[in-house]
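Asker: The structure's right below; bear with me while I get my questions together.
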Amino acid sequence: MSCYATIMSTNHKRPHSAIKPPRQNVAPPNELSPLLLEDLTVDIMSRLPVKSLDRFIAISKPWNILISSSYFIKYHIQRSASGSCLTNYRLLGGGSYGYSFRLSDPLLSIIKNPSPSPTLFGRLLLEIWHDPLVVGSYNGLICWIDFRDSGNYICYLNPATGSKSRSPYLRYPSGGDSSYNLYGFGYDHVNDSYKTVAIYCDTKEDTVDKKTLVKVYELGAPTTWRKIQSFPYVPKRSGGSDEACGVYVNDTLNWLGTRPNDSLVVVSVDLVNETCNEVSLPGFVDANRYGAVARPSLWALGGCLCFSYENNRTHFVLWQMKVYGDASSWNLLFSISYREIGISRNIPDYPKPLLMLNNGDVILQITEPGGYIFYNPTVNKIKYFKFQSGMSLFESIVHIDSLVSPCPTRPQRIRGRSTRARLAAETSG
């Protein structure tokens, strides 16, 4: 059965790890079989940008079925996110003034064709008249929060297709100065679903199970917010908006927290089982109290959980957990001085690791107005990029274009003999 026929006949969910590229058959040009041509069609279309694919949906019903299939959408994401190039990567900017979201051009085109003052965030996605919080971006979906009164609406947007939706209204207990909220957005590969986690914390409560209230919403599900078990320890919100949002790695969302002895620990939500767990930090951090480690933060690079802190008030240090959940797999990724990258220690939230490429380069944002570097720790090489952001303040989040819909619908049925039936007949023949 061809890859194309497989797409047409696949209704069950399959994880990304099961996605296989079309087979690479070799045949003389004048002997290409229909099945090989179909495989080539899938291969070629998986390399196209979302805008082109969006137009192709209206050309024919078979292409509509192909492009709208869960298998093809996942395969297209896999192709977009693979490799060391930046063709499919963009930066999402959320401004503190003006309340607007903007999306950059593909990073590769910006870096290879710099103008005297290139605008980094030139594409306006939407303007919001409330104070928004960008929770995260995964597989082309942007998750952000529209704050209203005592509750929140969690909003979802695919800027490539223009589709959007929002969660049911989220209510929390009314707390005082001791309470705060945390959020996270990620993907459950096992159940093929996108989930948002919302956490209410109140440090004045006596017991751990009362200190935190954890709720989960599954995007597109008919159910509303579900309450799950509480954290073993209370997650912390130590600073700005970054600390309010969980770091997504390997089907989990992660925050920093403290044990009863005040030592640092990672508290996480398993999106598959919807349970709360703890993950140990590097040994020297695990043995110290929270205040003994300066400016601790969590990141995600190369599909791995990362932990950063400040050393001697002069260096930014980054560790990477090679195997999620295995405390022995923590490795020092790099340590770089503020002077070496040309920033002041007085800027508390920078540098920010954004993306790791296959060649080992790490993209870091080093200033609010649009300062970035490519840093390769293996050869200790730094390359600077300075962009005009067009915004007073913004947060950068890595984003890729995709066909994922924030409002899933049932697969379209076509009357008469379907393409799936035709392909199955051809395969059996």
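Residues in the structure tokens are named by chain (A, B, ... in the order shown) and by number from 1 within that chain; ligands are numbered from 1 in the order shown.
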Just list the residues in segment 200-321 of chain A DSSP gives strand (DSSP E) on the backbone, as a PyMOL selection string.

Answerer: chain A and resi 200-202+212-218+226-228+247-249+252-258+264-270+275-279+294-301+304-311+315-321

Asker: Closest to Pro260 of chain A among A:Gln365, A:Pro232, A:Tyr309, A:Ser329, using only C-alpha atoms?

Answerer: A:Pro232

Asker: I need the residue nearest Gly140 of chain A from this list: A:Ser402, A:Ser165, A:Gln78, A:Ser179. Use only C-alpha atoms for the distance.

Answerer: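 Checking each of A:Ser402, A:Ser165, A:Gln78, A:Ser179 against Gly140 of chain A, counting only C-alpha atoms, the winner is A:Ser402.
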
Asker: Given the choices A:Thr367, A:Pro296, A:Ile44, A:Tyr153, which gets closest to Arg171 of chain A if the distance is worked out from only C-alpha atoms?

Answerer: A:Tyr153

Asker: Report, in Å to a single decimal, how far apart atom CA of Tyr156 of chain A and atom CA of Cys143 of chain A are.

Answerer: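 Rounded to one decimal, the two atoms are 4.7 Å apart.
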
Asker: When DSSP is applied to the backbone of this structure, which of segment 41-102 of chain A are assigned alpha helix (DSSP H)? Write them out as a PyMOL selection string.

Answerer: chain A and resi 41-45+50-56+61-68+70-81

Asker: Write out as CSV the residues of segment 150-228 of chain A that have any atom within 12 Å of an atom of segment 45-59 of chain A, one row each with the nearest atom pair and its distance in Å to one decimal, counting only C-alpha atoms, sorted by chain and then rising number.

Answerer:
```
residue,atom,partner,partner_atom,distance
A:Asn158,CA,A:Val50,CA,10.8
A:Pro159,CA,A:Val50,CA,10.2
A:Ala160,CA,A:Val50,CA,6.5
A:Thr161,CA,A:Asp54,CA,7.3
A:Gly162,CA,A:Lys51,CA,10.6
A:Ser163,CA,A:Asp54,CA,11.9
```

Asker: Compile the contact shell of segment 333-340 of chain A as an MDAnalysis selection string: residues with an atom at most 9 Å away, counting only C-alpha atoms, same-chain residues fewer than 6 positions apart removed.

Answerer: chainID A and resid 306 311 313:320 351 377:378 382

Asker: Can I get the selection written as a PDB file, in the first residue's frame, with N, CA, C and O atoms?

Answerer:
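Result file result_34.pdb:
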```
ATOM      1  N   CYS A 306      16.345  22.044  30.029  1.00  0.00           N
ATOM      2  CA  CYS A 306      17.577  22.742  30.375  1.00  0.00           C
ATOM      3  C   CYS A 306      17.362  23.604  31.620  1.00  0.00           C
ATOM      4  O   CYS A 306      16.245  24.061  31.881  1.00  0.00           O
ATOM      5  N   ASN A 311      26.421  32.467  37.638  1.00  0.00           N
ATOM      6  CA  ASN A 311      27.586  32.086  38.436  1.00  0.00           C
ATOM      7  C   ASN A 311      28.476  33.296  38.679  1.00  0.00           C
ATOM      8  O   ASN A 311      28.902  33.971  37.733  1.00  0.00           O
ATOM      9  N   ARG A 313      27.981  36.204  39.508  1.00  0.00           N
ATOM     10  CA  ARG A 313      27.464  37.483  39.003  1.00  0.00           C
ATOM     11  C   ARG A 313      28.097  37.886  37.668  1.00  0.00           C
ATOM     12  O   ARG A 313      27.965  39.026  37.228  1.00  0.00           O
ATOM     13  N   THR A 314      28.771  36.942  36.998  1.00  0.00           N
ATOM     14  CA  THR A 314      29.481  37.270  35.754  1.00  0.00           C
ATOM     15  C   THR A 314      29.154  36.343  34.593  1.00  0.00           C
ATOM     16  O   THR A 314      29.388  36.704  33.434  1.00  0.00           O
ATOM     17  N   HIS A 315      28.636  35.140  34.869  1.00  0.00           N
ATOM     18  CA  HIS A 315      28.467  34.142  33.819  1.00  0.00           C
ATOM     19  C   HIS A 315      27.044  33.586  33.790  1.00  0.00           C
ATOM     20  O   HIS A 315      26.400  33.420  34.832  1.00  0.00           O
ATOM     21  N   PHE A 316      26.597  33.292  32.578  1.00  0.00           N
ATOM     22  CA  PHE A 316      25.343  32.586  32.355  1.00  0.00           C
ATOM     23  C   PHE A 316      25.691  31.124  32.114  1.00  0.00           C
ATOM     24  O   PHE A 316      26.426  30.791  31.182  1.00  0.00           O
ATOM     25  N   VAL A 317      25.153  30.225  32.946  1.00  0.00           N
ATOM     26  CA  VAL A 317      25.501  28.803  32.889  1.00  0.00           C
ATOM     27  C   VAL A 317      24.261  28.002  32.507  1.00  0.00           C
ATOM     28  O   VAL A 317      23.185  28.200  33.069  1.00  0.00           O
ATOM     29  N   LEU A 318      24.425  27.075  31.552  1.00  0.00           N
ATOM     30  CA  LEU A 318      23.291  26.295  31.062  1.00  0.00           C
ATOM     31  C   LEU A 318      23.620  24.810  31.105  1.00  0.00           C
ATOM     32  O   LEU A 318      24.637  24.367  30.563  1.00  0.00           O
ATOM     33  N   TRP A 319      22.739  24.034  31.782  1.00  0.00           N
ATOM     34  CA  TRP A 319      22.835  22.582  31.845  1.00  0.00           C
ATOM     35  C   TRP A 319      21.700  21.960  31.039  1.00  0.00           C
ATOM     36  O   TRP A 319      20.620  22.537  30.920  1.00  0.00           O
ATOM     37  N   GLN A 320      21.962  20.767  30.503  1.00  0.00           N
ATOM     38  CA  GLN A 320      20.970  20.068  29.692  1.00  0.00           C
ATOM     39  C   GLN A 320      20.768  18.647  30.208  1.00  0.00           C
ATOM     40  O   GLN A 320      21.733  17.926  30.478  1.00  0.00           O
ATOM     41  N   PRO A 351      20.518  36.488  29.174  1.00  0.00           N
ATOM     42  CA  PRO A 351      20.064  35.990  27.878  1.00  0.00           C
ATOM     43  C   PRO A 351      18.963  34.936  28.004  1.00  0.00           C
ATOM     44  O   PRO A 351      18.790  34.321  29.053  1.00  0.00           O
ATOM     45  N   PRO A 377      28.854  26.428  21.424  1.00  0.00           N
ATOM     46  CA  PRO A 377      29.733  26.180  22.561  1.00  0.00           C
ATOM     47  C   PRO A 377      30.903  25.257  22.251  1.00  0.00           C
ATOM     48  O   PRO A 377      31.925  25.305  22.944  1.00  0.00           O
ATOM     49  N   THR A 378      30.772  24.422  21.208  1.00  0.00           N
ATOM     50  CA  THR A 378      31.853  23.491  20.884  1.00  0.00           C
ATOM     51  C   THR A 378      33.100  24.227  20.423  1.00  0.00           C
ATOM     52  O   THR A 378      34.223  23.908  20.843  1.00  0.00           O
ATOM     53  N   ILE A 382      30.731  33.088  18.359  1.00  0.00           N
ATOM     54  CA  ILE A 382      29.551  33.930  18.551  1.00  0.00           C
ATOM     55  C   ILE A 382      29.310  34.753  17.293  1.00  0.00           C
ATOM     56  O   ILE A 382      30.233  35.338  16.730  1.00  0.00           O
TER      57      ILE A 382
END
```

Asker: Could you give me, as a PDB file with N, CA, C and O atoms, in the first residue's frame, the residues within 12 Å of Ser137 of chain A, counting only C-alpha atoms and dropping anything in the same chain fewer than 3 positions from it?

Answerer:
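This is the output file part-v7.pdb:
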```pdb
ATOM      1  N   TYR A  89      11.331  28.333  10.679  1.00  0.00           N
ATOM      2  CA  TYR A  89      11.253  28.886  12.031  1.00  0.00           C
ATOM      3  C   TYR A  89      11.014  30.390  11.986  1.00  0.00           C
ATOM      4  O   TYR A  89      11.620  31.109  11.194  1.00  0.00           O
ATOM      5  N   ARG A  90      10.136  30.839  12.860  1.00  0.00           N
ATOM      6  CA  ARG A  90       9.860  32.260  13.023  1.00  0.00           C
ATOM      7  C   ARG A  90       9.927  32.598  14.508  1.00  0.00           C
ATOM      8  O   ARG A  90       9.951  31.715  15.356  1.00  0.00           O
ATOM      9  N   LEU A  91       9.948  33.893  14.799  1.00  0.00           N
ATOM     10  CA  LEU A  91       9.858  34.342  16.179  1.00  0.00           C
ATOM     11  C   LEU A  91       8.534  35.053  16.388  1.00  0.00           C
ATOM     12  O   LEU A  91       8.103  35.854  15.560  1.00  0.00           O
ATOM     13  N   LEU A  92       7.893  34.729  17.482  1.00  0.00           N
ATOM     14  CA  LEU A  92       6.646  35.376  17.870  1.00  0.00           C
ATOM     15  C   LEU A  92       6.952  36.418  18.923  1.00  0.00           C
ATOM     16  O   LEU A  92       7.604  36.132  19.927  1.00  0.00           O
ATOM     17  N   GLY A  93       6.500  37.641  18.691  1.00  0.00           N
ATOM     18  CA  GLY A  93       6.717  38.726  19.643  1.00  0.00           C
ATOM     19  C   GLY A  93       5.422  39.168  20.271  1.00  0.00           C
ATOM     20  O   GLY A  93       4.420  39.368  19.583  1.00  0.00           O
ATOM     21  N   LEU A 103       4.499  38.364  14.112  1.00  0.00           N
ATOM     22  CA  LEU A 103       5.270  37.203  13.708  1.00  0.00           C
ATOM     23  C   LEU A 103       6.338  37.632  12.718  1.00  0.00           C
ATOM     24  O   LEU A 103       6.068  38.404  11.799  1.00  0.00           O
ATOM     25  N   LEU A 133      -0.981  37.232  28.011  1.00  0.00           N
ATOM     26  CA  LEU A 133       0.200  36.449  28.363  1.00  0.00           C
ATOM     27  C   LEU A 133       0.342  35.331  27.341  1.00  0.00           C
ATOM     28  O   LEU A 133      -0.571  34.515  27.179  1.00  0.00           O
ATOM     29  N   VAL A 134       1.468  35.288  26.634  1.00  0.00           N
ATOM     30  CA  VAL A 134       1.724  34.215  25.689  1.00  0.00           C
ATOM     31  C   VAL A 134       2.244  33.017  26.476  1.00  0.00           C
ATOM     32  O   VAL A 134       3.327  33.052  27.046  1.00  0.00           O
ATOM     33  N   GLY A 140       2.816  24.918  15.621  1.00  0.00           N
ATOM     34  CA  GLY A 140       2.107  25.946  14.874  1.00  0.00           C
ATOM     35  C   GLY A 140       0.944  26.579  15.590  1.00  0.00           C
ATOM     36  O   GLY A 140       0.337  27.514  15.069  1.00  0.00           O
ATOM     37  N   LEU A 141       0.602  26.102  16.786  1.00  0.00           N
ATOM     38  CA  LEU A 141      -0.485  26.694  17.574  1.00  0.00           C
ATOM     39  C   LEU A 141       0.085  27.623  18.632  1.00  0.00           C
ATOM     40  O   LEU A 141       1.020  27.260  19.358  1.00  0.00           O
ATOM     41  N   ILE A 142      -0.477  28.814  18.721  1.00  0.00           N
ATOM     42  CA  ILE A 142      -0.093  29.774  19.756  1.00  0.00           C
ATOM     43  C   ILE A 142      -1.157  29.752  20.843  1.00  0.00           C
ATOM     44  O   ILE A 142      -2.352  29.865  20.563  1.00  0.00           O
ATOM     45  N   CYS A 143      -0.712  29.606  22.078  1.00  0.00           N
ATOM     46  CA  CYS A 143      -1.619  29.614  23.226  1.00  0.00           C
ATOM     47  C   CYS A 143      -1.361  30.880  24.025  1.00  0.00           C
ATOM     48  O   CYS A 143      -0.222  31.169  24.397  1.00  0.00           O
ATOM     49  N   TRP A 144      -2.403  31.655  24.249  1.00  0.00           N
ATOM     50  CA  TRP A 144      -2.249  32.887  25.023  1.00  0.00           C
ATOM     51  C   TRP A 144      -3.482  33.106  25.890  1.00  0.00           C
ATOM     52  O   TRP A 144      -4.517  32.470  25.698  1.00  0.00           O
ATOM     53  N   CYS A 155      -6.800  31.228  24.950  1.00  0.00           N
ATOM     54  CA  CYS A 155      -7.065  31.395  23.515  1.00  0.00           C
ATOM     55  C   CYS A 155      -6.019  30.650  22.686  1.00  0.00           C
ATOM     56  O   CYS A 155      -4.864  30.507  23.103  1.00  0.00           O
ATOM     57  N   TYR A 156      -6.444  30.196  21.508  1.00  0.00           N
ATOM     58  CA  TYR A 156      -5.578  29.429  20.620  1.00  0.00           C
ATOM     59  C   TYR A 156      -5.674  30.005  19.208  1.00  0.00           C
ATOM     60  O   TYR A 156      -6.759  30.334  18.735  1.00  0.00           O
ATOM     61  N   LEU A 157      -4.534  30.089  18.546  1.00  0.00           N
ATOM     62  CA  LEU A 157      -4.480  30.688  17.216  1.00  0.00           C
ATOM     63  C   LEU A 157      -3.454  29.966  16.364  1.00  0.00           C
ATOM     64  O   LEU A 157      -2.340  29.688  16.821  1.00  0.00           O
ATOM     65  N   ASN A 158      -3.839  29.644  15.131  1.00  0.00           N
ATOM     66  CA  ASN A 158      -2.886  29.207  14.118  1.00  0.00           C
ATOM     67  C   ASN A 158      -2.750  30.344  13.125  1.00  0.00           C
ATOM     68  O   ASN A 158      -3.624  30.557  12.277  1.00  0.00           O
ATOM     69  N   PRO A 159      -1.664  31.125  13.192  1.00  0.00           N
ATOM     70  CA  PRO A 159      -1.537  32.297  12.308  1.00  0.00           C
ATOM     71  C   PRO A 159      -1.372  31.935  10.846  1.00  0.00           C
ATOM     72  O   PRO A 159      -1.680  32.749   9.980  1.00  0.00           O
ATOM     73  N   GLY A 184       0.608  26.415  31.390  1.00  0.00           N
ATOM     74  CA  GLY A 184       1.464  25.680  30.473  1.00  0.00           C
ATOM     75  C   GLY A 184       0.656  25.124  29.309  1.00  0.00           C
ATOM     76  O   GLY A 184      -0.546  24.872  29.434  1.00  0.00           O
ATOM     77  N   PHE A 185       1.326  24.937  28.173  1.00  0.00           N
ATOM     78  CA  PHE A 185       0.673  24.433  26.960  1.00  0.00           C
ATOM     79  C   PHE A 185       1.595  23.431  26.293  1.00  0.00           C
ATOM     80  O   PHE A 185       2.800  23.685  26.124  1.00  0.00           O
ATOM     81  N   GLY A 186       1.045  22.258  25.934  1.00  0.00           N
ATOM     82  CA  GLY A 186       1.873  21.248  25.294  1.00  0.00           C
ATOM     83  C   GLY A 186       1.047  20.203  24.577  1.00  0.00           C
ATOM     84  O   GLY A 186      -0.181  20.303  24.467  1.00  0.00           O
ATOM     85  N   TYR A 187       1.734  19.173  24.111  1.00  0.00           N
ATOM     86  CA  TYR A 187       1.128  18.147  23.262  1.00  0.00           C
ATOM     87  C   TYR A 187       1.275  16.771  23.891  1.00  0.00           C
ATOM     88  O   TYR A 187       2.354  16.395  24.364  1.00  0.00           O
ATOM     89  N   TYR A 194      -3.800  18.351  22.292  1.00  0.00           N
ATOM     90  CA  TYR A 194      -3.115  19.516  22.834  1.00  0.00           C
ATOM     91  C   TYR A 194      -3.795  19.899  24.147  1.00  0.00           C
ATOM     92  O   TYR A 194      -5.020  20.018  24.216  1.00  0.00           O
ATOM     93  N   LYS A 195      -2.981  20.094  25.179  1.00  0.00           N
ATOM     94  CA  LYS A 195      -3.532  20.326  26.512  1.00  0.00           C
ATOM     95  C   LYS A 195      -2.946  21.579  27.143  1.00  0.00           C
ATOM     96  O   LYS A 195      -1.773  21.906  26.948  1.00  0.00           O
ATOM     97  N   THR A 196      -3.806  22.258  27.890  1.00  0.00           N
ATOM     98  CA  THR A 196      -3.402  23.431  28.649  1.00  0.00           C
ATOM     99  C   THR A 196      -3.554  23.127  30.133  1.00  0.00           C
ATOM    100  O   THR A 196      -4.562  22.561  30.556  1.00  0.00           O
ATOM    101  N   CYS A 245       4.937  30.431  33.017  1.00  0.00           N
ATOM    102  CA  CYS A 245       4.609  29.469  31.960  1.00  0.00           C
ATOM    103  C   CYS A 245       5.512  28.249  32.039  1.00  0.00           C
ATOM    104  O   CYS A 245       6.742  28.372  32.136  1.00  0.00           O
ATOM    105  N   GLY A 246       4.888  27.065  31.981  1.00  0.00           N
ATOM    106  CA  GLY A 246       5.644  25.831  32.056  1.00  0.00           C
ATOM    107  C   GLY A 246       6.467  25.587  30.801  1.00  0.00           C
ATOM    108  O   GLY A 246       6.109  26.017  29.703  1.00  0.00           O
ATOM    109  N   VAL A 247       7.562  24.867  30.962  1.00  0.00           N
ATOM    110  CA  VAL A 247       8.446  24.508  29.853  1.00  0.00           C
ATOM    111  C   VAL A 247       8.055  23.122  29.363  1.00  0.00           C
ATOM    112  O   VAL A 247       8.051  22.155  30.137  1.00  0.00           O
ATOM    113  N   TYR A 248       7.719  23.018  28.071  1.00  0.00           N
ATOM    114  CA  TYR A 248       7.247  21.752  27.505  1.00  0.00           C
ATOM    115  C   TYR A 248       8.415  20.916  27.008  1.00  0.00           C
ATOM    116  O   TYR A 248       9.212  21.365  26.181  1.00  0.00           O
ATOM    117  N   LEU A 354      16.634  30.222  22.975  1.00  0.00           N
ATOM    118  CA  LEU A 354      15.405  30.048  22.196  1.00  0.00           C
ATOM    119  C   LEU A 354      15.379  28.765  21.385  1.00  0.00           C
ATOM    120  O   LEU A 354      14.344  28.107  21.300  1.00  0.00           O
ATOM    121  N   SER A 396      10.252  36.859  22.997  1.00  0.00           N
ATOM    122  CA  SER A 396      10.432  36.040  21.801  1.00  0.00           C
ATOM    123  C   SER A 396      10.132  34.584  22.111  1.00  0.00           C
ATOM    124  O   SER A 396      10.602  34.040  23.112  1.00  0.00           O
ATOM    125  N   ILE A 397       9.342  33.967  21.245  1.00  0.00           N
ATOM    126  CA  ILE A 397       9.026  32.549  21.348  1.00  0.00           C
ATOM    127  C   ILE A 397       9.194  31.945  19.956  1.00  0.00           C
ATOM    128  O   ILE A 397       8.754  32.518  18.964  1.00  0.00           O
ATOM    129  N   VAL A 398       9.845  30.793  19.880  1.00  0.00           N
ATOM    130  CA  VAL A 398      10.058  30.130  18.600  1.00  0.00           C
ATOM    131  C   VAL A 398       8.744  29.531  18.106  1.00  0.00           C
ATOM    132  O   VAL A 398       7.993  28.925  18.863  1.00  0.00           O
ATOM    133  N   HIS A 399       8.484  29.703  16.803  1.00  0.00           N
ATOM    134  CA  HIS A 399       7.220  29.270  16.223  1.00  0.00           C
ATOM    135  C   HIS A 399       7.477  28.699  14.836  1.00  0.00           C
ATOM    136  O   HIS A 399       8.321  29.191  14.090  1.00  0.00           O
ATOM    137  N   ILE A 400       6.758  27.616  14.475  1.00  0.00           N
ATOM    138  CA  ILE A 400       6.814  27.085  13.112  1.00  0.00           C
ATOM    139  C   ILE A 400       5.400  27.062  12.538  1.00  0.00           C
ATOM    140  O   ILE A 400       4.421  26.925  13.276  1.00  0.00           O
ATOM    141  N   ASP A 401       5.302  27.228  11.234  1.00  0.00           N
ATOM    142  CA  ASP A 401       3.999  27.167  10.568  1.00  0.00           C
ATOM    143  C   ASP A 401       3.537  25.721  10.471  1.00  0.00           C
ATOM    144  O   ASP A 401       4.336  24.803  10.270  1.00  0.00           O
ATOM    145  N   SER A 402       2.231  25.510  10.579  1.00  0.00           N
ATOM    146  CA  SER A 402       1.682  24.162  10.463  1.00  0.00           C
ATOM    147  C   SER A 402       0.237  24.240  10.004  1.00  0.00           C
ATOM    148  O   SER A 402      -0.356  25.312   9.897  1.00  0.00           O
ATOM    149  N   VAL A 404      -2.091  22.471  11.748  1.00  0.00           N
ATOM    150  CA  VAL A 404      -2.868  22.039  12.910  1.00  0.00           C
ATOM    151  C   VAL A 404      -3.988  23.037  13.183  1.00  0.00           C
ATOM    152  O   VAL A 404      -3.770  24.253  13.204  1.00  0.00           O
ATOM    153  N   PRO A 406      -6.831  24.668  15.691  1.00  0.00           N
ATOM    154  CA  PRO A 406      -7.199  24.795  17.103  1.00  0.00           C
ATOM    155  C   PRO A 406      -8.646  24.410  17.370  1.00  0.00           C
ATOM    156  O   PRO A 406      -9.072  24.380  18.515  1.00  0.00           O
TER     157      PRO A 406
END
```

Asker: Residues at most 6 Å from segment 271-275 of chain A, counting only C-alpha atoms, excluding those fewer than 5 positions away in the same chain, as an MDAnalysis selection string?

Answerer: chainID A and resid 188 251:252

Asker: Atom CA of Asp105 of chain A and atom CA of Asp43 of chain A are how many Å apart?

Answerer: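 For atom CA of Asp105 of chain A relative to atom CA of Asp43 of chain A, the distance reads 24.5 Å.
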